[in-house]
Structure formats: C-alpha cells, structure tokens
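A.B. asks: Handing over final_8.txt, compact mmCIF, C-alpha atoms.
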```
# COMPACT_ATOMS: atom_id res chain seq x y z
CA MET L 1 -34.42 -20.20 -15.05
CA PRO L 2 -35.02 -19.91 -11.29
CA SER L 3 -37.74 -17.53 -10.16
CA GLU L 4 -36.91 -14.30 -8.40
CA ARG L 5 -38.33 -15.89 -5.24
CA ALA L 6 -35.89 -18.78 -5.51
CA GLU L 7 -32.97 -16.47 -6.27
CA ARG L 8 -33.55 -14.28 -3.22
CA THR L 9 -33.81 -17.27 -0.86
CA THR L 10 -30.54 -17.34 1.05
CA PRO L 11 -28.72 -20.57 2.04
CA PHE L 12 -29.04 -21.93 5.58
CA SER L 13 -25.41 -21.90 6.77
CA ALA L 14 -26.00 -24.51 9.47
CA MET L 15 -26.89 -27.04 6.77
CA ASP L 16 -23.94 -25.97 4.63
CA VAL L 17 -21.60 -26.56 7.58
CA LEU L 18 -23.30 -29.89 8.29
CA GLU L 19 -22.72 -31.05 4.72
CA ARG L 20 -19.05 -30.12 4.90
CA ALA L 21 -18.65 -31.69 8.33
CA ASP L 22 -20.23 -34.92 7.12
CA ASP L 23 -17.42 -35.25 4.59
CA ARG L 24 -14.91 -35.51 7.44
CA GLN L 25 -14.27 -38.13 10.07
CA GLY L 26 -14.70 -37.54 13.79
CA VAL L 27 -16.17 -34.03 13.71
CA VAL L 28 -18.10 -32.86 16.78
CA HIS L 29 -21.43 -31.57 15.47
CA MET L 30 -22.40 -28.36 17.26
CA GLU L 31 -23.78 -26.66 14.15
CA VAL L 32 -27.33 -28.03 14.17
CA GLY L 33 -30.05 -28.34 16.80
CA GLU L 34 -30.29 -32.12 16.62
CA PRO L 35 -31.06 -33.67 20.03
CA ASP L 36 -28.84 -36.63 20.84
CA PHE L 37 -31.47 -38.22 23.10
CA SER L 38 -33.71 -41.07 21.98
CA LEU L 39 -37.39 -40.22 21.76
CA PRO L 40 -39.71 -41.39 24.56
CA ALA L 41 -40.22 -45.16 24.41
CA ALA L 42 -43.99 -44.74 24.24
CA ALA L 43 -43.62 -42.64 21.08
CA ALA L 44 -41.41 -45.22 19.37
CA ASP L 45 -43.82 -48.00 20.31
CA ALA L 46 -46.76 -46.02 18.95
CA ALA L 47 -44.97 -45.39 15.64
CA VAL L 48 -44.15 -49.08 15.23
CA ALA L 49 -47.71 -50.11 16.13
CA ALA L 50 -49.12 -47.62 13.61
CA VAL L 51 -46.93 -48.93 10.79
CA ARG L 52 -47.60 -52.57 11.60
CA GLY L 53 -51.30 -51.85 11.96
CA GLY L 54 -51.50 -50.32 8.51
CA ASP L 55 -52.06 -46.79 9.76
CA ASP L 56 -50.60 -45.28 6.61
CA ASP L 57 -53.47 -43.39 5.02
CA TYR L 58 -54.12 -39.67 4.72
CA THR L 59 -55.49 -38.04 7.83
CA SER L 60 -57.58 -34.91 7.96
CA SER L 61 -55.49 -31.88 7.06
CA ARG L 62 -56.30 -30.65 10.58
CA GLY L 63 -54.64 -33.73 12.10
CA THR L 64 -56.01 -36.79 13.85
CA ALA L 65 -58.63 -36.27 16.53
CA GLY L 66 -56.49 -38.13 19.06
CA LEU L 67 -53.45 -35.90 18.53
CA ARG L 68 -55.46 -32.68 18.64
CA ASP L 69 -57.13 -33.84 21.86
CA ALA L 70 -53.69 -34.56 23.34
CA ILE L 71 -52.44 -31.11 22.34
CA SER L 72 -55.54 -29.50 23.82
CA ASP L 73 -54.99 -31.37 27.10
CA TYR L 74 -51.33 -30.33 27.04
CA TYR L 75 -52.25 -26.62 27.02
CA ASP L 76 -54.70 -27.13 29.87
CA GLU L 77 -52.24 -29.11 32.01
CA THR L 78 -49.11 -27.08 31.24
CA TYR L 79 -50.40 -23.52 31.06
CA GLY L 80 -53.97 -23.61 32.38
CA VAL L 81 -55.20 -22.41 28.99
CA ASP L 82 -58.36 -23.70 27.32
CA VAL L 83 -57.53 -24.45 23.68
CA PRO L 84 -60.29 -26.48 22.01
CA PRO L 85 -59.17 -29.03 19.40
CA SER L 86 -61.11 -27.03 16.79
CA ARG L 87 -58.44 -24.30 17.00
CA ILE L 88 -55.53 -26.74 16.52
CA LEU L 89 -54.05 -27.56 13.11
CA VAL L 90 -51.39 -30.27 12.87
CA THR L 91 -48.64 -29.63 10.31
CA PRO L 92 -45.71 -31.61 8.86
CA GLY L 93 -43.22 -29.87 11.13
CA SER L 94 -43.53 -26.41 12.66
CA SER L 95 -41.75 -24.93 9.62
CA ALA L 96 -44.78 -25.78 7.50
CA GLY L 97 -46.90 -23.99 10.08
CA LEU L 98 -44.76 -20.88 9.81
CA LEU L 99 -45.10 -20.88 6.03
CA LEU L 100 -48.89 -21.20 6.33
CA ALA L 101 -48.98 -18.36 8.86
CA MET L 102 -47.01 -16.07 6.57
CA LEU L 103 -49.16 -16.88 3.57
CA ALA L 104 -52.30 -16.25 5.61
CA LEU L 105 -51.25 -12.90 7.11
CA VAL L 106 -48.77 -11.26 4.74
CA ASP L 107 -49.53 -9.60 1.42
CA PRO L 108 -46.74 -8.42 -0.91
CA GLY L 109 -45.20 -5.26 0.50
CA ASP L 110 -46.32 -5.86 4.09
CA ASP L 111 -43.80 -5.73 6.93
CA VAL L 112 -43.03 -8.46 9.45
CA VAL L 113 -41.16 -7.45 12.60
CA LEU L 114 -38.43 -9.82 13.85
CA THR L 115 -35.91 -9.59 16.64
CA ASP L 116 -32.24 -9.40 15.64
CA PRO L 117 -30.76 -11.97 16.26
CA TYR L 118 -33.42 -14.23 14.72
CA TYR L 119 -33.73 -17.83 13.62
CA ALA L 120 -31.85 -17.97 10.33
CA CYS L 121 -34.79 -19.15 8.22
CA TYR L 122 -37.31 -16.54 9.38
CA PRO L 123 -36.44 -13.93 6.72
CA ASN L 124 -36.88 -16.50 3.98
CA PHE L 125 -40.36 -17.37 5.20
CA VAL L 126 -41.25 -13.68 5.07
CA ARG L 127 -39.83 -13.42 1.56
CA GLN L 128 -41.92 -16.35 0.30
CA ALA L 129 -45.03 -14.30 1.08
CA GLY L 130 -43.59 -11.16 -0.56
CA GLY L 131 -43.14 -9.40 2.76
CA ASN L 132 -40.48 -7.00 3.99
CA ILE L 133 -38.32 -7.66 7.04
CA VAL L 134 -38.14 -5.08 9.83
CA THR L 135 -35.97 -5.87 12.84
CA THR L 136 -35.64 -4.72 16.42
CA LYS L 137 -32.12 -5.22 17.72
CA LEU L 138 -31.44 -7.04 20.97
CA ASP L 139 -28.52 -6.22 23.25
CA PRO L 140 -25.96 -8.90 24.22
CA ARG L 141 -25.31 -6.92 27.41
CA THR L 142 -28.83 -7.73 28.60
CA GLY L 143 -28.57 -11.38 27.56
CA PHE L 144 -30.53 -10.63 24.38
CA ALA L 145 -33.63 -9.99 26.47
CA PRO L 146 -36.58 -9.14 24.18
CA ASP L 147 -37.24 -5.41 24.02
CA ILE L 148 -40.95 -4.59 23.99
CA GLN L 149 -40.24 -0.92 23.30
CA GLY L 150 -38.22 -2.01 20.29
CA PHE L 151 -41.24 -3.88 18.95
CA GLU L 152 -43.44 -0.84 19.54
CA ASN L 153 -41.00 1.38 17.64
CA ALA L 154 -40.86 -1.08 14.74
CA VAL L 155 -44.61 -1.56 14.27
CA SER L 156 -46.29 0.65 11.68
CA ARG L 157 -49.48 0.71 9.63
CA ASP L 158 -47.68 -1.57 7.13
CA THR L 159 -46.94 -4.27 9.73
CA ALA L 160 -48.70 -7.57 9.07
CA ALA L 161 -47.26 -9.48 12.05
CA MET L 162 -44.74 -9.57 14.87
CA LEU L 163 -42.78 -12.85 14.97
CA VAL L 164 -41.32 -13.86 18.33
CA ASN L 165 -39.40 -16.93 19.43
CA SER L 166 -39.06 -17.98 23.08
CA PRO L 167 -36.94 -19.77 24.12
CA ALA L 168 -35.03 -18.28 21.23
CA ASN L 169 -32.80 -19.68 18.54
CA PRO L 170 -29.89 -18.69 18.43
CA THR L 171 -29.62 -16.88 21.79
CA GLY L 172 -31.60 -19.03 24.22
CA ALA L 173 -33.30 -15.90 25.57
CA VAL L 174 -36.71 -16.40 27.19
CA LEU L 175 -39.67 -14.01 27.25
CA SER L 176 -40.98 -13.55 30.78
CA ASP L 177 -44.66 -13.68 31.60
CA SER L 178 -44.75 -9.89 32.02
CA GLU L 179 -43.05 -9.37 28.64
CA LEU L 180 -45.56 -11.67 26.97
CA GLY L 181 -48.36 -9.70 28.58
CA GLU L 182 -46.87 -6.42 27.29
CA LEU L 183 -46.50 -7.91 23.82
CA ALA L 184 -50.14 -9.03 23.83
CA ALA L 185 -51.18 -5.53 24.93
CA LEU L 186 -49.14 -4.03 22.07
CA SER L 187 -50.82 -6.43 19.66
CA ARG L 188 -54.27 -5.30 20.80
CA ARG L 189 -53.35 -1.63 20.81
CA THR L 190 -51.91 -1.65 17.28
CA ASP L 191 -54.09 -4.41 15.82
CA THR L 192 -50.92 -6.32 14.89
CA PRO L 193 -51.05 -10.14 15.04
CA ILE L 194 -48.43 -12.08 16.98
CA ILE L 195 -46.84 -15.24 15.62
CA SER L 196 -45.22 -16.97 18.58
CA ASP L 197 -42.73 -19.76 17.85
CA GLU L 198 -42.76 -21.90 21.00
CA VAL L 199 -41.06 -25.00 19.63
CA TYR L 200 -38.42 -24.92 22.39
CA HIS L 201 -40.97 -24.89 25.19
CA GLY L 202 -40.18 -27.58 27.72
CA LEU L 203 -36.50 -26.59 27.49
CA THR L 204 -36.56 -23.59 29.84
CA TYR L 205 -34.05 -23.89 32.67
CA ASP L 206 -35.11 -21.28 35.20
CA GLY L 207 -38.81 -20.96 35.99
CA ASP L 208 -41.83 -22.11 34.03
CA ASP L 209 -42.72 -21.75 30.38
CA HIS L 210 -45.39 -19.21 29.51
CA THR L 211 -47.33 -19.26 26.26
CA VAL L 212 -48.64 -16.08 24.69
CA LEU L 213 -52.05 -17.81 24.77
CA GLU L 214 -52.19 -17.00 28.49
CA TYR L 215 -52.63 -13.36 27.47
CA THR L 216 -54.52 -13.47 24.16
CA GLU L 217 -56.34 -15.96 21.93
CA ASP L 218 -55.66 -13.80 18.88
CA ALA L 219 -52.07 -14.97 18.41
CA ILE L 220 -50.85 -17.76 16.14
CA VAL L 221 -48.76 -20.22 18.16
CA LEU L 222 -46.33 -22.64 16.53
CA ASP L 223 -45.06 -25.69 18.37
CA GLY L 224 -44.19 -29.33 17.76
CA VAL L 225 -42.51 -32.47 18.99
CA SER L 226 -39.14 -32.08 17.24
CA LYS L 227 -37.09 -30.37 19.92
CA ARG L 228 -38.33 -31.32 23.39
CA TYR L 229 -39.15 -34.92 22.45
CA ALA L 230 -36.12 -35.48 20.16
CA MET L 231 -38.36 -36.28 17.18
CA THR L 232 -36.94 -34.03 14.47
CA GLY L 233 -37.35 -36.59 11.70
CA TYR L 234 -40.97 -37.36 12.51
CA ARG L 235 -42.05 -33.98 11.12
CA VAL L 236 -44.98 -33.16 13.36
CA GLY L 237 -45.78 -29.62 14.39
CA TRP L 238 -48.96 -27.77 15.18
CA MET L 239 -50.57 -24.37 15.09
CA VAL L 240 -52.99 -22.90 17.60
CA LEU L 241 -55.10 -20.44 15.66
CA PRO L 242 -57.46 -17.58 16.41
CA PRO L 243 -61.02 -18.68 15.56
CA GLY L 244 -61.19 -16.41 12.52
CA LEU L 245 -58.07 -17.93 10.93
CA VAL L 246 -58.89 -21.63 11.36
CA ASP L 247 -60.75 -22.09 8.08
CA PRO L 248 -58.49 -19.88 5.90
CA ILE L 249 -55.31 -21.58 7.11
CA ASN L 250 -56.89 -25.02 6.86
CA ARG L 251 -57.70 -24.27 3.20
CA LEU L 252 -54.06 -23.41 2.63
CA ALA L 253 -52.99 -26.61 4.41
CA GLN L 254 -55.35 -28.76 2.33
CA ASN L 255 -53.69 -27.50 -0.84
CA LEU L 256 -50.07 -27.06 0.17
CA VAL L 257 -49.17 -29.69 2.78
CA ILE L 258 -52.13 -32.17 2.79
CA CYS L 259 -51.35 -33.64 6.22
CA ALA L 260 -48.61 -34.78 8.56
CA PRO L 261 -47.62 -38.48 8.27
CA ALA L 262 -50.12 -40.70 10.07
CA PRO L 263 -47.58 -42.89 11.95
CA SER L 264 -45.75 -39.76 13.05
CA GLN L 265 -48.98 -38.31 14.42
CA ALA L 266 -49.53 -41.49 16.44
CA ALA L 267 -46.01 -41.17 17.85
CA ALA L 268 -46.53 -37.49 18.65
CA GLU L 269 -49.74 -38.21 20.54
CA ALA L 270 -47.95 -40.84 22.62
CA ALA L 271 -45.02 -38.49 23.34
CA ILE L 272 -47.28 -35.71 24.54
CA ARG L 273 -49.21 -38.07 26.82
CA ALA L 274 -46.08 -39.83 28.10
CA ASP L 275 -44.62 -39.51 31.60
CA HIS L 276 -43.07 -36.04 31.91
CA GLY L 277 -40.25 -37.49 34.00
CA TRP L 278 -38.48 -38.27 30.72
CA LEU L 279 -38.41 -34.59 29.80
CA ASP L 280 -37.34 -33.55 33.30
CA ASP L 281 -34.23 -35.72 33.00
CA VAL L 282 -33.44 -34.44 29.49
CA ARG L 283 -33.80 -30.83 30.61
CA ASP L 284 -31.45 -31.42 33.55
CA GLN L 285 -28.80 -32.84 31.24
CA TYR L 286 -29.13 -29.90 28.85
CA ARG L 287 -28.73 -27.52 31.81
CA GLN L 288 -25.49 -29.23 32.83
CA ARG L 289 -24.18 -29.05 29.26
CA ARG L 290 -25.12 -25.38 29.03
CA ASP L 291 -23.24 -24.55 32.21
CA ARG L 292 -20.16 -26.45 31.02
CA LEU L 293 -20.13 -24.67 27.67
CA VAL L 294 -20.70 -21.23 29.25
CA ASP L 295 -17.65 -21.85 31.48
CA ALA L 296 -15.60 -22.99 28.50
CA ALA L 297 -16.54 -19.91 26.47
CA ASP L 298 -15.31 -17.76 29.35
CA ASP L 299 -12.02 -19.70 29.48
CA TRP L 300 -11.56 -19.23 25.73
CA GLY L 301 -12.15 -15.48 25.94
CA LEU L 302 -15.15 -15.86 23.63
CA SER L 303 -17.92 -15.25 26.17
CA MET L 304 -20.73 -12.76 25.53
CA ASP L 305 -21.33 -12.64 29.29
CA TYR L 306 -24.78 -14.19 29.30
CA THR L 307 -26.32 -17.53 30.18
CA PRO L 308 -29.09 -18.86 27.89
CA GLY L 309 -32.40 -19.29 29.70
CA GLY L 310 -33.65 -22.02 27.39
CA ALA L 311 -33.27 -23.96 24.12
CA TYR L 312 -29.76 -25.40 23.55
CA TYR L 313 -27.67 -22.74 21.85
CA LEU L 314 -24.93 -20.35 22.94
CA LEU L 315 -23.48 -17.48 20.90
CA LEU L 316 -19.70 -17.08 21.05
CA ASP L 317 -18.00 -13.73 20.43
CA VAL L 318 -15.25 -14.27 17.82
CA SER L 319 -14.78 -10.59 16.96
CA ASP L 320 -11.21 -10.56 18.32
CA LEU L 321 -10.12 -13.52 16.20
CA PRO L 322 -8.66 -12.99 12.70
CA GLY L 323 -11.07 -12.95 9.78
CA ASP L 324 -14.84 -12.98 9.87
CA ALA L 325 -17.16 -15.51 11.49
CA PHE L 326 -17.04 -17.76 8.42
CA ASP L 327 -13.22 -17.83 8.59
CA VAL L 328 -13.30 -18.74 12.28
CA ALA L 329 -15.90 -21.45 11.63
CA ASP L 330 -13.57 -22.90 8.98
CA VAL L 331 -10.65 -22.95 11.43
CA PHE L 332 -12.79 -24.62 14.08
CA LEU L 333 -14.02 -27.16 11.53
CA ASP L 334 -10.43 -27.97 10.57
CA ALA L 335 -9.85 -28.62 14.29
CA GLY L 336 -12.78 -31.04 14.30
CA VAL L 337 -15.59 -28.87 15.72
CA ALA L 338 -18.51 -27.71 13.56
CA MET L 339 -20.33 -24.49 14.54
CA THR L 340 -22.59 -22.14 12.58
CA PRO L 341 -21.40 -18.68 11.51
CA GLY L 342 -23.44 -15.96 13.21
CA PRO L 343 -24.27 -13.74 10.19
CA ASP L 344 -27.05 -16.21 9.37
CA PHE L 345 -28.86 -14.95 12.45
CA GLY L 346 -28.80 -11.20 11.81
CA SER L 347 -26.53 -8.17 12.09
CA VAL L 348 -26.21 -8.35 15.89
CA ALA L 349 -24.73 -11.86 15.54
CA GLU L 350 -22.35 -10.82 12.74
CA ASP L 351 -19.19 -11.57 14.73
CA THR L 352 -20.37 -14.72 16.49
CA LEU L 353 -20.57 -18.46 16.14
CA ARG L 354 -23.61 -20.40 17.31
CA ALA L 355 -22.73 -23.50 19.31
CA SER L 356 -25.40 -26.12 19.93
CA TYR L 357 -25.17 -28.19 23.09
CA ALA L 358 -27.78 -30.66 21.87
CA THR L 359 -24.96 -33.12 21.27
CA SER L 360 -23.75 -35.51 23.98
CA THR L 361 -21.75 -34.50 27.03
CA GLU L 362 -18.84 -36.61 25.80
CA GLN L 363 -18.85 -34.83 22.46
CA ILE L 364 -19.03 -31.43 24.14
CA GLU L 365 -16.01 -32.32 26.27
CA LEU L 366 -14.16 -33.39 23.11
CA ALA L 367 -15.05 -30.09 21.43
CA ILE L 368 -13.82 -28.14 24.47
CA GLU L 369 -10.57 -30.07 24.44
CA ARG L 370 -10.03 -29.41 20.73
CA ILE L 371 -10.81 -25.69 20.82
CA SER L 372 -8.81 -25.18 24.01
CA GLY L 373 -5.87 -26.92 22.37
CA LEU L 374 -6.25 -24.87 19.22
CA LEU L 375 -6.28 -21.56 21.10
CA GLU L 376 -3.35 -22.58 23.33
CA GLU L 377 -1.30 -23.59 20.31
CA ASP L 378 -2.10 -20.43 18.36
CA PRO L 379 -4.01 -17.77 20.34
CA THR L 380 -4.29 -15.56 17.24
CA LEU L 381 -5.45 -18.34 14.92
CA ALA L 382 -3.12 -16.76 12.39
CA ASP L 383 -2.59 -18.51 9.09
```
Would you write the structure of this file as structure tokens?

C.D. replies:
Amino acid sequence: MPSERAERTTPFSAMDVLERADDRQGVVHMEVGEPDFSLPAAAADAAVAAVRGGDDDYTSSRGTAGLRDAISDYYDETYGVDVPPSRILVTPGSSAGLLLAMLALVDPGDDVVLTDPYYACYPNFVRQAGGNIVTTKLDPRTGFAPDIQGFENAVSRDTAAMLVNSPANPTGAVLSDSELGELAALSRRTDTPIISDEVYHGLTYDGDDHTVLEYTEDAIVLDGVSKRYAMTGYRVGWMVLPPGLVDPINRLAQNLVICAPAPSQAAAEAAIRADHGWLDDVRDQYRQRRDRLVDAADDWGLSMDYTPGGAYYLLLDVSDLPGDAFDVADVFLDAGVAMTPGPDFGSVAEDTLRASYATSTEQIELAIERISGLLEEDPTLAD
C-alpha cells in the first residue's frame, strides 16, 4: 500500500495536461515551461566532447571543480557578489536542490511560508519534509507584486523557512532590489531562513536581476541551467549555501542524489561561460512573445491587467467563462491549445489558466488564432 506521504502528494496538472495533449495531433503546447530555443552551441559541443572523451564517471557530490568555479565567477560578474566555490553544491536539477533544502531546514510540524500563487510543486516539497504550508496572498491588481508585510504577518515561532521565487512561476512577478533587502532584514529580525528560487534569472525584461545574496549570505539560493539556457533535460542545478549548511546538505546529497551527470556538468560549465549575446537575443524574443500574448489576453477579455516582469508565463482570468478552470482548459485543449489550470498554483489562481510563452512565435500566433476563433464562434463556451 502507498505511504501516507505518497497519498498526500498531489498531481502536477501541467504534466497531466501534457500527457493528454501528447495523445492529440497538432496541439500548441502552452502548458509547460519548455524553452523552444536550442541550447548554446558551446554547451552542446562540451556535452558531446565529454561523452566521446569518456567523461562518464561519478563526480564529487558537490559538483566538478570547473563548474563550481564557473558558477562562482557568474555571481561575481552578474551581481558583484563573492560566492566561493566551497559554498556551491551542484544538484541534478534545481528541484533536487529544493528537496535537499527542505530536508535540511524543516522538521515535522514546522511551517514554511509561500506566496499564493506559488509554483505548483512547492507544497509537495514541503510535505515531503513533514512541514505545514502557510501562504501570503498576492494581489492581481498590483501585478502579483510580493508583499513583504504579508511575509511578516505569516512568520511565527514555528516557521522554518520563507520560500520565494523571482521571477515567479506562474505570475512572472519580480522582486525588486528594495523588496529583497526588506526580506533579508525580516529574515535577520525573525531568525527565519530564506530559500530563494532564482531559476528564472536571466529572463527579467525590465531592469537587472538581483539575487538575495546581495543582501545576506544566510539564504539558500537555488538556480540552474534549465530555463535561461534551454537545458531542461540536462538536469543541472545548484545551491548556494550559508557556510553552516554546506556540510549537512552535502551529506544529504551524498546519500540521496549522489551527483549530477558528468557530461551535463561539462555542458553547464560551457553554457555559463559562453557569450551572453545568446541570452540577450533569447530574452528579446521572449519579451516580444510576452507583449503579443498580453495584447491577445486583453482582446479575449481574459486579461488580469498586468504584464509579467520576467519568466515566461501569463495568468489568464477565466472566471467569467462557464465551468471551472479545468473545464475551460478542456475546452481550450479541444480547440488545440494546451494550458494549465490555475488551481495548481494556489487559491488566488483558482479561476485562471497559466499560459507559457516559451513556445515559438509561430505556435503562439496559431494559439491566438484558435482561441480567438473559439471565442468568436461561441463567446459563452456553452456546451
């Protein structure tokens, strides 16, 4: 029989929709955050060279020295932050890093504070450690801007960590430098660790990225190559750890994840050290897709009146359409467009769909044509 832990783990609706969409021909995939760009050429070349050179052994659980040096240089060059390689732990994807962070910080019965909306899988990571989920609700009318006062109200003596995500999935909201500074001050004042998921850094459209490490070295930062370098299948993430957590989390990693794949680490090192002009072009294309989809949402009458500041997701308001978000997602899927029902992302997103613009411009135009046609043919979407 399944354990209680397995039973209380909820499905990830984006993957459910993907599986159903894959059974159909010609569907536009806007349900998952899968970049349509090819990875940087230097990364592909490094992966091939590693495989052909027999670089297929275990690495240190901390990651290769070359990759950790590259990550350290990245923080210096991008943020002006000194992060020694000794504080960096490479993981098989940033999801593995989040699991390690939860297991290291959370005891059964502890609270973890999340924003609502949140990334759909966050509550399940908290549950794996036996923790309780406490949320602070964000307001669509402010573009889902993170609310520092909401975090302060949610933190208690039972709080093991605050988990933040910027740029955020599913809203695309971005924490400003001042908000990060206030969050770091709250962490110090309440002795509450921050876990900062920064995997969408590099995909901020207005202004520069800011890491929480600019304001404190006591946070756990999660990042990786999946999103900004279009390397989702390579499964390379990393953690930047406070000095006192390096050894405990490395012990967990040694036992639970061993190491990230060696050829993938070689590719990740090459991607990080590659010419940043590649990423500049990708970001510009994402910005254009975002603006096109925001305009389309307004034309459809599904706009939430905000423009995402980063990542590649937009929430659509489907509260005026018949049925719940799952019903609307089914109707859209029947029309050839796959999107993720919002309830996966929290109560604030209950009546929304999440649309990913990580797919190609041509596919986005096809999706807009199909949904526009659907709504013109039957504005009520009545059965």

A.B. asks: One number please: atom CA of L:Arg24 to atom CA of L:Gly336, in Å, one decimal.

C.D. replies: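 About the pair atom CA of L:Arg24 and atom CA of L:Gly336: they are 8.5 Å apart.
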
A.B. asks: Return the single residue from L:Leu241, L:Ile249, L:Gln128, L:Met162 that is closest to L:Glu7, with distances computed using only C-alpha atoms.

C.D. replies: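 Of the candidates, the smallest distance to L:Glu7 is held by L:Gln128.
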
A.B. asks: Which residue is closest to L:Met339? Choose from L:Gly277, L:Pro170, L:Pro123, L:Pro242 and count all atoms listed in the file.

C.D. replies: L:Pro170

A.B. asks: Can you work out the spacing between atom CA of L:Thr361 and atom CA of L:Asp320 in Å, to one decimal?

C.D. replies: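 If I compute the distance from atom CA of L:Thr361 to atom CA of L:Asp320, I get 27.6 Å.
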
A.B. asks: Quick one: which stretch 217-334 of chain L residues come within 12 Å of stretch 12-15 of chain L, and what is the nearest atom pair for each with the distance in Å to one decimal, counting only C-alpha atoms, rows ordered by chain and ascending number, as a Markdown table?

C.D. replies:
```
| residue | atom | partner | partner_atom | distance |
| --- | --- | --- | --- | --- |
| L:Ala325 | CA | L:Ser13 | CA | 11.5 |
| L:Phe326 | CA | L:Ser13 | CA | 9.5 |
| L:Ala329 | CA | L:Ser13 | CA | 10.7 |
```

A.B. asks: Pick out the residues sitting within 7 Å of L:Gly224, and hand them over as a list in words; count all atoms listed in the file, and ignore anything fewer than 3 positions along from it in its own chain.

C.D. replies: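 After dropping sequence-adjacent residues, the list is Gly93, Ser94, Val199, Val236, Gly237 and Trp238 of chain L.
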
A.B. asks: How would you write as a list of chain:residue names the residues that get within 8 Å of (-37.0, -3.7, 17.2) in the file's frame, counting only C-alpha atoms?

C.D. replies: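 Those residues lying close to the given coordinates are L:Val113, L:Leu114, L:Thr115, L:Asp116, L:Val134, L:Thr135, L:Thr136, L:Lys137, L:Leu138, L:Asp147, L:Ile148, L:Gln149, L:Gly150, L:Phe151, L:Glu152, L:Asn153, L:Ala154.
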